[in-house]
>>> print(open('target15.pdb').read())   # PDB, C-alpha atoms
ATOM      1  CA  MET A   1      16.328   9.844 -26.341  1.00  0.00           C
ATOM      2  CA  THR A   2      15.459   9.232 -29.982  1.00  0.00           C
ATOM      3  CA  LEU A   3      12.093   7.850 -31.058  1.00  0.00           C
ATOM      4  CA  LYS A   4      13.744   4.537 -32.000  1.00  0.00           C
ATOM      5  CA  THR A   5      15.511   4.264 -28.642  1.00  0.00           C
ATOM      6  CA  GLU A   6      12.350   5.216 -26.783  1.00  0.00           C
ATOM      7  CA  ASN A   7      10.335   2.572 -28.619  1.00  0.00           C
ATOM      8  CA  LEU A   8      12.922  -0.057 -27.741  1.00  0.00           C
ATOM      9  CA  ALA A   9      12.654   1.004 -24.098  1.00  0.00           C
ATOM     10  CA  ILE A  10       8.865   0.758 -24.257  1.00  0.00           C
ATOM     11  CA  HIS A  11       9.149  -2.804 -25.595  1.00  0.00           C
ATOM     12  CA  GLU A  12      11.382  -3.659 -22.640  1.00  0.00           C
ATOM     13  CA  LEU A  13       8.851  -2.252 -20.204  1.00  0.00           C
ATOM     14  CA  GLU A  14       5.991  -4.079 -21.940  1.00  0.00           C
ATOM     15  CA  ALA A  15       7.883  -7.336 -21.380  1.00  0.00           C
ATOM     16  CA  GLN A  16       8.199  -6.492 -17.690  1.00  0.00           C
ATOM     17  CA  LEU A  17       4.504  -5.611 -17.455  1.00  0.00           C
ATOM     18  CA  GLY A  18       3.379  -8.701 -19.352  1.00  0.00           C
ATOM     19  CA  HIS A  19       1.260  -6.671 -21.773  1.00  0.00           C
ATOM     20  CA  VAL A  20       2.033  -5.397 -25.270  1.00  0.00           C
ATOM     21  CA  PHE A  21       0.069  -2.234 -26.000  1.00  0.00           C
ATOM     22  CA  ALA A  22      -1.827  -1.877 -29.229  1.00  0.00           C
ATOM     23  CA  ASP A  23      -1.829   1.866 -28.531  1.00  0.00           C
ATOM     24  CA  LYS A  24       1.689   2.794 -27.406  1.00  0.00           C
ATOM     25  CA  ASP A  25       0.575   6.352 -26.698  1.00  0.00           C
ATOM     26  CA  LEU A  26      -1.424   5.095 -23.710  1.00  0.00           C
ATOM     27  CA  LEU A  27       1.698   3.699 -22.102  1.00  0.00           C
ATOM     28  CA  HIS A  28       3.627   6.877 -22.874  1.00  0.00           C
ATOM     29  CA  LYS A  29       0.942   8.909 -21.110  1.00  0.00           C
ATOM     30  CA  ALA A  30       0.881   6.503 -18.174  1.00  0.00           C
ATOM     31  CA  LEU A  31       4.585   7.201 -17.605  1.00  0.00           C
ATOM     32  CA  THR A  32       4.442  11.005 -17.989  1.00  0.00           C
ATOM     33  CA  HIS A  33       4.431  13.116 -14.822  1.00  0.00           C
ATOM     34  CA  VAL A  34       2.921  16.592 -14.946  1.00  0.00           C
ATOM     35  CA  SER A  35       6.376  18.085 -14.349  1.00  0.00           C
ATOM     36  CA  ALA A  36       7.410  16.903 -17.825  1.00  0.00           C
ATOM     37  CA  VAL A  37       4.794  18.967 -19.680  1.00  0.00           C
ATOM     38  CA  VAL A  38       3.488  22.518 -19.667  1.00  0.00           C
ATOM     39  CA  GLY A  39       0.203  24.319 -20.179  1.00  0.00           C
ATOM     40  CA  ALA A  40      -2.474  22.593 -22.221  1.00  0.00           C
ATOM     41  CA  LYS A  41      -0.419  19.419 -22.456  1.00  0.00           C
ATOM     42  CA  ARG A  42      -1.428  18.395 -18.927  1.00  0.00           C
ATOM     43  CA  THR A  43      -3.944  16.048 -20.555  1.00  0.00           C
ATOM     44  CA  GLN A  44      -0.935  14.190 -21.965  1.00  0.00           C
ATOM     45  CA  THR A  45       0.184  13.182 -18.460  1.00  0.00           C
ATOM     46  CA  TYR A  46      -0.820  10.209 -16.366  1.00  0.00           C
ATOM     47  CA  GLN A  47      -3.373  12.126 -14.275  1.00  0.00           C
ATOM     48  CA  ARG A  48      -6.520  11.008 -16.122  1.00  0.00           C
ATOM     49  CA  LEU A  49      -5.240   7.436 -16.447  1.00  0.00           C
ATOM     50  CA  GLU A  50      -4.398   7.366 -12.733  1.00  0.00           C
ATOM     51  CA  PHE A  51      -7.961   8.487 -11.958  1.00  0.00           C
ATOM     52  CA  LEU A  52      -9.341   5.657 -14.087  1.00  0.00           C
ATOM     53  CA  GLY A  53      -6.836   3.071 -12.895  1.00  0.00           C
ATOM     54  CA  ASP A  54      -7.643   3.772  -9.259  1.00  0.00           C
ATOM     55  CA  ARG A  55     -11.281   2.783  -9.884  1.00  0.00           C
ATOM     56  CA  VAL A  56     -10.388  -0.255 -11.977  1.00  0.00           C
ATOM     57  CA  LEU A  57      -7.906  -1.437  -9.353  1.00  0.00           C
ATOM     58  CA  GLY A  58     -10.545  -1.129  -6.627  1.00  0.00           C
ATOM     59  CA  LEU A  59     -13.027  -3.142  -8.674  1.00  0.00           C
ATOM     60  CA  VAL A  60     -10.583  -5.925  -9.553  1.00  0.00           C
ATOM     61  CA  VAL A  61      -9.263  -6.258  -6.009  1.00  0.00           C
ATOM     62  CA  SER A  62     -12.807  -6.187  -4.578  1.00  0.00           C
ATOM     63  CA  GLU A  63     -13.807  -9.021  -6.899  1.00  0.00           C
ATOM     64  CA  MET A  64     -10.629 -10.921  -6.044  1.00  0.00           C
ATOM     65  CA  LEU A  65     -11.312 -10.590  -2.306  1.00  0.00           C
ATOM     66  CA  CYS A  66     -14.942 -11.702  -2.597  1.00  0.00           C
ATOM     67  CA  GLN A  67     -13.820 -14.825  -4.417  1.00  0.00           C
ATOM     68  CA  ALA A  68     -10.950 -15.572  -2.033  1.00  0.00           C
ATOM     69  CA  PHE A  69     -12.907 -14.945   1.204  1.00  0.00           C
ATOM     70  CA  PRO A  70     -16.504 -16.077   0.570  1.00  0.00           C
ATOM     71  CA  ASN A  71     -17.387 -16.053   4.280  1.00  0.00           C
ATOM     72  CA  ALA A  72     -15.790 -12.717   5.179  1.00  0.00           C
ATOM     73  CA  GLU A  73     -18.008  -9.879   6.352  1.00  0.00           C
ATOM     74  CA  GLU A  74     -18.008  -6.473   4.678  1.00  0.00           C
ATOM     75  CA  GLY A  75     -15.798  -4.950   7.363  1.00  0.00           C
ATOM     76  CA  GLU A  76     -13.011  -7.474   6.849  1.00  0.00           C
ATOM     77  CA  LEU A  77     -13.228  -7.136   3.075  1.00  0.00           C
ATOM     78  CA  SER A  78     -12.989  -3.356   3.384  1.00  0.00           C
ATOM     79  CA  ARG A  79      -9.877  -3.590   5.555  1.00  0.00           C
ATOM     80  CA  ARG A  80      -8.231  -6.023   3.143  1.00  0.00           C
ATOM     81  CA  LEU A  81      -9.114  -3.783   0.212  1.00  0.00           C
ATOM     82  CA  ALA A  82      -7.686  -0.702   1.929  1.00  0.00           C
ATOM     83  CA  ASP A  83      -4.438  -2.542   2.682  1.00  0.00           C
ATOM     84  CA  LEU A  84      -3.991  -3.796  -0.873  1.00  0.00           C
ATOM     85  CA  VAL A  85      -4.730  -0.539  -2.719  1.00  0.00           C
ATOM     86  CA  ARG A  86      -2.971   1.829  -0.299  1.00  0.00           C
ATOM     87  CA  LYS A  87      -0.239   4.091  -1.671  1.00  0.00           C
ATOM     88  CA  GLU A  88       2.574   2.003  -0.220  1.00  0.00           C
ATOM     89  CA  SER A  89       1.280  -1.205  -1.809  1.00  0.00           C
ATOM     90  CA  CYS A  90       0.877   0.382  -5.244  1.00  0.00           C
ATOM     91  CA  ALA A  91       4.381   1.849  -5.015  1.00  0.00           C
ATOM     92  CA  GLU A  92       5.746  -1.604  -4.168  1.00  0.00           C
ATOM     93  CA  VAL A  93       4.074  -3.031  -7.260  1.00  0.00           C
ATOM     94  CA  ALA A  94       5.571  -0.268  -9.427  1.00  0.00           C
ATOM     95  CA  ARG A  95       9.022  -1.028  -8.021  1.00  0.00           C
ATOM     96  CA  ASP A  96       8.595  -4.752  -8.633  1.00  0.00           C
ATOM     97  CA  LEU A  97       7.597  -4.017 -12.232  1.00  0.00           C
ATOM     98  CA  GLY A  98      10.684  -1.858 -12.674  1.00  0.00           C
ATOM     99  CA  VAL A  99       8.901   1.205 -14.034  1.00  0.00           C
ATOM    100  CA  SER A 100      11.209   3.831 -12.456  1.00  0.00           C
ATOM    101  CA  PRO A 101      13.749   4.081 -15.312  1.00  0.00           C
ATOM    102  CA  PHE A 102      10.933   4.654 -17.802  1.00  0.00           C
ATOM    103  CA  LEU A 103       9.244   7.563 -16.018  1.00  0.00           C
ATOM    104  CA  ARG A 104       9.036  10.855 -17.880  1.00  0.00           C
ATOM    105  CA  LEU A 105       9.903  13.548 -15.365  1.00  0.00           C
ATOM    106  CA  GLY A 106      10.813  17.202 -15.504  1.00  0.00           C
ATOM    107  CA  GLY A 107      11.924  20.056 -13.288  1.00  0.00           C
ATOM    108  CA  SER A 108      12.628  19.230  -9.660  1.00  0.00           C
ATOM    109  CA  GLU A 109      11.313  15.671 -10.047  1.00  0.00           C
ATOM    110  CA  VAL A 110      14.147  14.566 -12.354  1.00  0.00           C
ATOM    111  CA  LYS A 111      16.555  13.833  -9.497  1.00  0.00           C
ATOM    112  CA  SER A 112      14.270  12.339  -6.855  1.00  0.00           C
ATOM    113  CA  GLY A 113      11.018  11.470  -8.607  1.00  0.00           C
ATOM    114  CA  ARG A 114      12.006   7.991  -9.733  1.00  0.00           C
ATOM    115  CA  ASP A 115      11.881   6.758  -6.164  1.00  0.00           C
ATOM    116  CA  ASN A 116       9.066   9.032  -4.995  1.00  0.00           C
ATOM    117  CA  GLU A 117       6.464   6.797  -3.378  1.00  0.00           C
ATOM    118  CA  ALA A 118       3.504   8.974  -4.356  1.00  0.00           C
ATOM    119  CA  ILE A 119       4.607   9.131  -8.002  1.00  0.00           C
ATOM    120  CA  LEU A 120       5.261   5.384  -8.162  1.00  0.00           C
ATOM    121  CA  ALA A 121       1.835   4.673  -6.652  1.00  0.00           C
ATOM    122  CA  ASP A 122       0.167   6.983  -9.172  1.00  0.00           C
ATOM    123  CA  VAL A 123       2.022   5.358 -12.067  1.00  0.00           C
ATOM    124  CA  CYS A 124       0.972   1.897 -10.922  1.00  0.00           C
ATOM    125  CA  GLU A 125      -2.640   3.039 -11.170  1.00  0.00           C
ATOM    126  CA  SER A 126      -2.104   4.915 -14.429  1.00  0.00           C
ATOM    127  CA  ILE A 127      -0.646   1.788 -16.048  1.00  0.00           C
ATOM    128  CA  ILE A 128      -3.698  -0.160 -14.908  1.00  0.00           C
ATOM    129  CA  GLY A 129      -5.906   2.513 -16.458  1.00  0.00           C
ATOM    130  CA  ALA A 130      -3.892   2.368 -19.665  1.00  0.00           C
ATOM    131  CA  ILE A 131      -4.199  -1.414 -19.926  1.00  0.00           C
ATOM    132  CA  PHE A 132      -7.940  -1.139 -19.310  1.00  0.00           C
ATOM    133  CA  LEU A 133      -8.362   1.314 -22.208  1.00  0.00           C
ATOM    134  CA  ASP A 134      -6.023  -0.697 -24.415  1.00  0.00           C
ATOM    135  CA  ALA A 135      -7.388  -4.197 -23.853  1.00  0.00           C
ATOM    136  CA  GLY A 136     -10.496  -4.139 -21.649  1.00  0.00           C
ATOM    137  CA  TYR A 137     -11.442  -5.405 -18.220  1.00  0.00           C
ATOM    138  CA  ASP A 138     -10.619  -9.110 -18.519  1.00  0.00           C
ATOM    139  CA  VAL A 139      -7.014  -8.505 -19.588  1.00  0.00           C
ATOM    140  CA  THR A 140      -6.606  -5.856 -16.907  1.00  0.00           C
ATOM    141  CA  LYS A 141      -8.030  -8.181 -14.267  1.00  0.00           C
ATOM    142  CA  THR A 142      -5.516 -10.863 -15.207  1.00  0.00           C
ATOM    143  CA  GLN A 143      -2.604  -8.459 -14.832  1.00  0.00           C
ATOM    144  CA  VAL A 144      -3.828  -6.897 -11.589  1.00  0.00           C
ATOM    145  CA  MET A 145      -4.382 -10.316 -10.035  1.00  0.00           C
ATOM    146  CA  ARG A 146      -0.875 -11.371 -11.050  1.00  0.00           C
ATOM    147  CA  TRP A 147       0.577  -8.284  -9.376  1.00  0.00           C
ATOM    148  CA  PHE A 148      -1.624  -8.133  -6.260  1.00  0.00           C
ATOM    149  CA  LEU A 149      -2.577 -11.748  -5.489  1.00  0.00           C
ATOM    150  CA  PRO A 150       0.741 -12.536  -3.718  1.00  0.00           C
ATOM    151  CA  ARG A 151       0.190  -9.479  -1.522  1.00  0.00           C
ATOM    152  CA  MET A 152      -3.321 -10.609  -0.680  1.00  0.00           C
ATOM    153  CA  GLN A 153      -2.070 -14.063   0.277  1.00  0.00           C
ATOM    154  CA  ALA A 154       0.765 -12.751   2.430  1.00  0.00           C
ATOM    155  CA  PRO A 155      -0.054  -9.270   3.777  1.00  0.00           C
ATOM    156  CA  LYS A 156       2.985  -7.401   5.045  1.00  0.00           C
ATOM    157  CA  ARG A 157       1.130  -5.479   7.729  1.00  0.00           C
ATOM    158  CA  PRO A 158      -1.738  -6.162  10.143  1.00  0.00           C
ATOM    159  CA  LEU A 159      -5.167  -5.413   8.739  1.00  0.00           C
ATOM    160  CA  ARG A 160      -6.102  -3.551  11.906  1.00  0.00           C
ATOM    161  CA  ASP A 161      -4.086  -1.467  14.313  1.00  0.00           C
ATOM    162  CA  ALA A 162      -2.746  -3.364  17.289  1.00  0.00           C
ATOM    163  CA  LYS A 163      -4.928  -1.706  19.956  1.00  0.00           C
ATOM    164  CA  THR A 164      -8.122  -2.475  18.043  1.00  0.00           C
ATOM    165  CA  SER A 165      -7.020  -6.055  17.430  1.00  0.00           C
ATOM    166  CA  LEU A 166      -6.178  -6.564  21.111  1.00  0.00           C
ATOM    167  CA  GLN A 167      -9.483  -5.010  22.180  1.00  0.00           C
ATOM    168  CA  GLU A 168     -11.430  -7.411  19.961  1.00  0.00           C
ATOM    169  CA  TRP A 169      -9.293 -10.344  21.104  1.00  0.00           C
ATOM    170  CA  VAL A 170     -10.038  -9.776  24.812  1.00  0.00           C
ATOM    171  CA  GLN A 171     -13.729  -9.085  24.152  1.00  0.00           C
ATOM    172  CA  ALA A 172     -14.052 -12.382  22.310  1.00  0.00           C
ATOM    173  CA  ARG A 173     -12.779 -14.091  25.475  1.00  0.00           C
ATOM    174  CA  GLY A 174     -15.029 -12.197  27.856  1.00  0.00           C
ATOM    175  CA  LEU A 175     -12.116 -10.358  29.466  1.00  0.00           C
ATOM    176  CA  ALA A 176     -11.970  -6.805  30.752  1.00  0.00           C
ATOM    177  CA  THR A 177     -10.841  -3.989  28.498  1.00  0.00           C
ATOM    178  CA  PRO A 178      -7.002  -3.736  28.286  1.00  0.00           C
ATOM    179  CA  ALA A 179      -5.568  -1.058  30.550  1.00  0.00           C
ATOM    180  CA  TYR A 180      -2.648   1.091  29.379  1.00  0.00           C
ATOM    181  CA  ARG A 181      -0.468   2.822  31.947  1.00  0.00           C
ATOM    182  CA  GLU A 182       2.576   5.018  31.724  1.00  0.00           C
ATOM    183  CA  ILE A 183       5.633   3.302  33.190  1.00  0.00           C
ATOM    184  CA  SER A 184       8.068   6.124  32.549  1.00  0.00           C
ATOM    185  CA  ARG A 185       8.648   9.287  30.562  1.00  0.00           C
ATOM    186  CA  THR A 186      12.131  10.540  29.800  1.00  0.00           C
ATOM    187  CA  GLY A 187      13.805  13.047  27.515  1.00  0.00           C
ATOM    188  CA  PRO A 188      13.163  16.755  26.871  1.00  0.00           C
ATOM    189  CA  ALA A 189       9.679  18.150  26.312  1.00  0.00           C
ATOM    190  CA  HIS A 190      10.225  18.485  22.559  1.00  0.00           C
ATOM    191  CA  ALA A 191      11.460  14.876  22.217  1.00  0.00           C
ATOM    192  CA  PRO A 192       9.915  12.712  24.945  1.00  0.00           C
ATOM    193  CA  HIS A 193      10.304   8.958  25.249  1.00  0.00           C
ATOM    194  CA  PHE A 194       7.508   6.920  26.814  1.00  0.00           C
ATOM    195  CA  VAL A 195       7.388   3.410  28.218  1.00  0.00           C
ATOM    196  CA  ILE A 196       3.821   2.101  28.374  1.00  0.00           C
ATOM    197  CA  GLY A 197       2.563  -1.123  29.885  1.00  0.00           C
ATOM    198  CA  VAL A 198      -0.601  -2.925  28.815  1.00  0.00           C
ATOM    199  CA  ASP A 199      -2.446  -4.993  31.406  1.00  0.00           C
ATOM    200  CA  VAL A 200      -4.792  -7.744  30.274  1.00  0.00           C
ATOM    201  CA  GLU A 201      -6.781  -9.736  32.826  1.00  0.00           C
ATOM    202  CA  GLY A 202      -4.990 -12.996  33.586  1.00  0.00           C
ATOM    203  CA  PHE A 203      -1.821 -12.163  31.640  1.00  0.00           C
ATOM    204  CA  VAL A 204       1.594 -10.778  32.529  1.00  0.00           C
ATOM    205  CA  THR A 205       2.022  -7.095  31.698  1.00  0.00           C
ATOM    206  CA  VAL A 206       3.760  -6.243  28.442  1.00  0.00           C
ATOM    207  CA  GLU A 207       5.807  -3.062  28.131  1.00  0.00           C
ATOM    208  CA  ALA A 208       6.924  -1.165  25.031  1.00  0.00           C
ATOM    209  CA  ASN A 209       8.320   2.246  24.199  1.00  0.00           C
ATOM    210  CA  GLY A 210       7.644   5.029  21.746  1.00  0.00           C
ATOM    211  CA  THR A 211       8.097   8.717  21.079  1.00  0.00           C
ATOM    212  CA  SER A 212       4.459   9.401  22.020  1.00  0.00           C
ATOM    213  CA  LYS A 213       1.935   7.759  24.311  1.00  0.00           C
ATOM    214  CA  ARG A 214      -0.091   6.668  21.298  1.00  0.00           C
ATOM    215  CA  ALA A 215       2.893   5.045  19.599  1.00  0.00           C
ATOM    216  CA  ALA A 216       3.981   3.325  22.812  1.00  0.00           C
ATOM    217  CA  GLU A 217       0.461   2.006  23.450  1.00  0.00           C
ATOM    218  CA  GLN A 218       0.302   0.614  19.918  1.00  0.00           C
ATOM    219  CA  ALA A 219       3.722  -0.975  20.380  1.00  0.00           C
ATOM    220  CA  ALA A 220       2.679  -2.541  23.691  1.00  0.00           C
ATOM    221  CA  ALA A 221      -0.508  -3.972  22.184  1.00  0.00           C
ATOM    222  CA  GLU A 222       1.474  -5.287  19.237  1.00  0.00           C
ATOM    223  CA  ALA A 223       4.054  -6.904  21.524  1.00  0.00           C
ATOM    224  CA  PHE A 224       1.259  -8.579  23.495  1.00  0.00           C
ATOM    225  CA  MET A 225      -0.330  -9.986  20.327  1.00  0.00           C
ATOM    226  CA  VAL A 226       3.026 -11.363  19.175  1.00  0.00           C
ATOM    227  CA  ARG A 227       3.884 -12.834  22.574  1.00  0.00           C
ATOM    228  CA  GLU A 228       0.561 -14.650  22.839  1.00  0.00           C
ATOM    229  CA  GLY A 229       0.861 -16.008  19.300  1.00  0.00           C
ATOM    230  CA  VAL A 230      -2.130 -14.098  17.941  1.00  0.00           C
ATOM    231  CA  TRP A 231       0.236 -12.537  15.421  1.00  0.00           C
ATOM    232  CA  ASN A 232       2.812 -15.088  14.317  1.00  0.00           C
ATOM    233  CA  VAL A 233       5.602 -12.650  13.508  1.00  0.00           C
ATOM    234  CA  PRO A 234       6.381  -9.117  14.610  1.00  0.00           C
ATOM    235  CA  ALA A 235       4.022  -6.881  12.702  1.00  0.00           C
ATOM    236  CA  ALA A 236       4.951  -4.079  10.370  1.00  0.00           C
ATOM    237  CA  PRO A 237       4.517  -0.542  11.734  1.00  0.00           C
ATOM    238  CA  SER A 238       1.029  -0.216  13.103  1.00  0.00           C
ATOM    239  CA  ILE A 239      -1.600   1.517  10.993  1.00  0.00           C
ATOM    240  CA  LYS A 240      -2.102   4.981  12.424  1.00  0.00           C
TER     241      LYS A 240
END
>>> encode(input="target15.pdb", output="C-alpha cells")
Amino acid sequence: MTLKTENLAIHELEAQLGHVFADKDLLHKALTHVSAVVGAKRTQTYQRLEFLGDRVLGLVVSEMLCQAFPNAEEGELSRRLADLVRKESCAEVARDLGVSPFLRLGGSEVKSGRDNEAILADVCESIIGAIFLDAGYDVTKTQVMRWFLPRMQAPKRPLRDAKTSLQEWVQARGLATPAYREISRTGPAHAPHFVIGVDVEGFVTVEANGTSKRAAEQAAAEAFMVREGVWNVPAAPSIK
C-alpha cells in the first residue's frame, strides 16, 4: 500500500470513527499489532495506547454510569462497568466501527488476526487512547459515550450469573435457599451430560442440562428466572 493509498484509507476510517486526527501517526500506531514490527519498533505498536485507552475507557464509562444510575450502589455500578468494558464488548465496538480492514498485522496474525477478539478489543482501547492524546478528554468522552451508551441501555447479558441472581431473588422474598439436584447423568466419563433440577420453595421445579454440573445448575437457574419473568428474555450465556 502506497502512502497516498494508506492516507486515503485512514480518512475513510476517521469518517467511521467520527474523529479526524490532527496527528495521523497516533491512529497509525493504534492500528499496528506487535506482529507487524520487530525489535525496538515495539513502541510503534498499539500496546502503549491500549494501556492508556483502557484507563480512559474505565473513567468515561464510570462517569457515564454514575450519571445514568444516580441511586445505584457501588456493587451494581461495578458489575455494569465490568460488563461494558469486558473484552467481548470492546471487540463488538471495534467490529461496529469497521476497524478490521485497517489493522496492521504481520506473521501468523495476517490470516486470522482481523477477526481475533483479543486483538479487536485491544484496538478499540488503543483508538480511545489515541483520541485522548490527539484531542483530550472531552472529545474522547463524547466518542466513547456514542459507542458504549447503546450497550449500557440494552445490555446483551445478565449483570450477574444466574445462580447468584436467583439466590438474591429468593432471599428478597424470605424463601429458602434454592436446592439443586442431579436428575440424570449420561454419556462417557470424558464427555458427560447432566440434567439438573432447581427447587425453589413454592414453585414448580425447573430442569436444564449442561456438560458439567456447574453449567447445568446455571442453566436451570437461568430458566427459572426467565419462566418467572424476572428476566424478560432468555439470557446470553451465563457469566462464569
>>> closest_residue(input="target15.pdb", among="A:Arg181, A:His190, A:Lys163, A:Arg151", to="Ala223 (chain A)", atoms="only C-alpha atoms")
A:Lys163
>>> resolve_selection(input="target15.pdb", expression="the PyMOL selection byres ((chain A and resi 211-220) around 8)", output="ChimeraX atom specification")
/A:161-163,180,182,191-198,206-210,221-224,238
>>> closest_atom_pairs(input="target15.pdb", of="region 139-205 of chain A", to="region 58-75 of chain A", cutoff="10 Å", atoms="all atoms listed in the file", output="Markdown table")
| residue | atom | partner | partner_atom | distance |
| --- | --- | --- | --- | --- |
| A:Thr140 | CA | A:Val60 | CA | 8.4 |
| A:Lys141 | CA | A:Val60 | CA | 5.8 |
| A:Thr142 | CA | A:Val60 | CA | 9.1 |
| A:Gln143 | CA | A:Val60 | CA | 9.9 |
| A:Val144 | CA | A:Val60 | CA | 7.1 |
| A:Met145 | CA | A:Met64 | CA | 7.4 |
| A:Phe148 | CA | A:Val61 | CA | 7.9 |
| A:Leu149 | CA | A:Met64 | CA | 8.1 |
| A:Met152 | CA | A:Leu65 | CA | 8.2 |
| A:Gln153 | CA | A:Ala68 | CA | 9.3 |
>>> write_last_selection(input="target15.pdb", atoms="C-alpha atoms", output="PDB file, keeping the file's coordinate frame")
ATOM      1  CA  THR A 140      -6.606  -5.856 -16.907  1.00  0.00           C
ATOM      2  CA  LYS A 141      -8.030  -8.181 -14.267  1.00  0.00           C
ATOM      3  CA  THR A 142      -5.516 -10.863 -15.207  1.00  0.00           C
ATOM      4  CA  GLN A 143      -2.604  -8.459 -14.832  1.00  0.00           C
ATOM      5  CA  VAL A 144      -3.828  -6.897 -11.589  1.00  0.00           C
ATOM      6  CA  MET A 145      -4.382 -10.316 -10.035  1.00  0.00           C
ATOM      7  CA  PHE A 148      -1.624  -8.133  -6.260  1.00  0.00           C
ATOM      8  CA  LEU A 149      -2.577 -11.748  -5.489  1.00  0.00           C
ATOM      9  CA  MET A 152      -3.321 -10.609  -0.680  1.00  0.00           C
ATOM     10  CA  GLN A 153      -2.070 -14.063   0.277  1.00  0.00           C
TER      11      GLN A 153
END
>>> closest_residue(input="target15.pdb", among="A:Ile127, A:Val204, A:Met225, A:Ala154", to="Gln167 (chain A)", atoms="all atoms listed in the file")
A:Met225
>>> resolve_selection(input="target15.pdb", expression="the PyMOL selection byres ((chain A and resi 130-136) around 12)", output="number ranges by chain")
A: 14, 17-31, 45-57, 59-60, 123-129, 137-144
>>> closest_residue(input="target15.pdb", among="A:Ser184, A:Trp147, A:Asp199, A:Gln44", to="Leu166 (chain A)", atoms="only C-alpha atoms")
A:Asp199
>>> atom_distance(input="target15.pdb", atom1="CA of Val200 (chain A)", atom2="CA of Arg185 (chain A)")
21.7 Å
>>> build_atoms(input="target15.pdb", residues="region 122-133 of chain A", atoms="N, CA and C atoms", output="PDB file, in the frame of the given file")
ATOM      1  N   ASP A 122       1.008   6.435  -8.110  1.00  0.00           N
ATOM      2  CA  ASP A 122       0.167   6.983  -9.172  1.00  0.00           C
ATOM      3  C   ASP A 122       0.415   6.272 -10.495  1.00  0.00           C
ATOM      4  N   VAL A 123       1.683   6.002 -10.796  1.00  0.00           N
ATOM      5  CA  VAL A 123       2.022   5.358 -12.067  1.00  0.00           C
ATOM      6  C   VAL A 123       1.524   3.918 -12.107  1.00  0.00           C
ATOM      7  N   CYS A 124       1.559   3.244 -10.972  1.00  0.00           N
ATOM      8  CA  CYS A 124       0.972   1.897 -10.922  1.00  0.00           C
ATOM      9  C   CYS A 124      -0.481   1.959 -11.364  1.00  0.00           C
ATOM     10  N   GLU A 125      -1.223   2.911 -10.820  1.00  0.00           N
ATOM     11  CA  GLU A 125      -2.640   3.039 -11.170  1.00  0.00           C
ATOM     12  C   GLU A 125      -2.833   3.529 -12.599  1.00  0.00           C
ATOM     13  N   SER A 126      -1.951   4.412 -13.058  1.00  0.00           N
ATOM     14  CA  SER A 126      -2.104   4.915 -14.429  1.00  0.00           C
ATOM     15  C   SER A 126      -1.840   3.808 -15.443  1.00  0.00           C
ATOM     16  N   ILE A 127      -0.909   2.917 -15.154  1.00  0.00           N
ATOM     17  CA  ILE A 127      -0.646   1.788 -16.048  1.00  0.00           C
ATOM     18  C   ILE A 127      -1.856   0.855 -16.093  1.00  0.00           C
ATOM     19  N   ILE A 128      -2.481   0.661 -14.941  1.00  0.00           N
ATOM     20  CA  ILE A 128      -3.698  -0.160 -14.908  1.00  0.00           C
ATOM     21  C   ILE A 128      -4.780   0.485 -15.764  1.00  0.00           C
ATOM     22  N   GLY A 129      -4.932   1.807 -15.635  1.00  0.00           N
ATOM     23  CA  GLY A 129      -5.906   2.513 -16.458  1.00  0.00           C
ATOM     24  C   GLY A 129      -5.586   2.404 -17.933  1.00  0.00           C
ATOM     25  N   ALA A 130      -4.304   2.465 -18.268  1.00  0.00           N
ATOM     26  CA  ALA A 130      -3.892   2.368 -19.665  1.00  0.00           C
ATOM     27  C   ALA A 130      -4.185   0.979 -20.232  1.00  0.00           C
ATOM     28  N   ILE A 131      -3.907  -0.052 -19.468  1.00  0.00           N
ATOM     29  CA  ILE A 131      -4.199  -1.414 -19.926  1.00  0.00           C
ATOM     30  C   ILE A 131      -5.700  -1.603 -20.116  1.00  0.00           C
ATOM     31  N   PHE A 132      -6.483  -1.036 -19.202  1.00  0.00           N
ATOM     32  CA  PHE A 132      -7.940  -1.139 -19.310  1.00  0.00           C
ATOM     33  C   PHE A 132      -8.437  -0.523 -20.623  1.00  0.00           C
ATOM     34  N   LEU A 133      -7.942   0.666 -20.966  1.00  0.00           N
ATOM     35  CA  LEU A 133      -8.362   1.314 -22.208  1.00  0.00           C
ATOM     36  C   LEU A 133      -7.831   0.570 -23.428  1.00  0.00           C
TER      37      LEU A 133
END
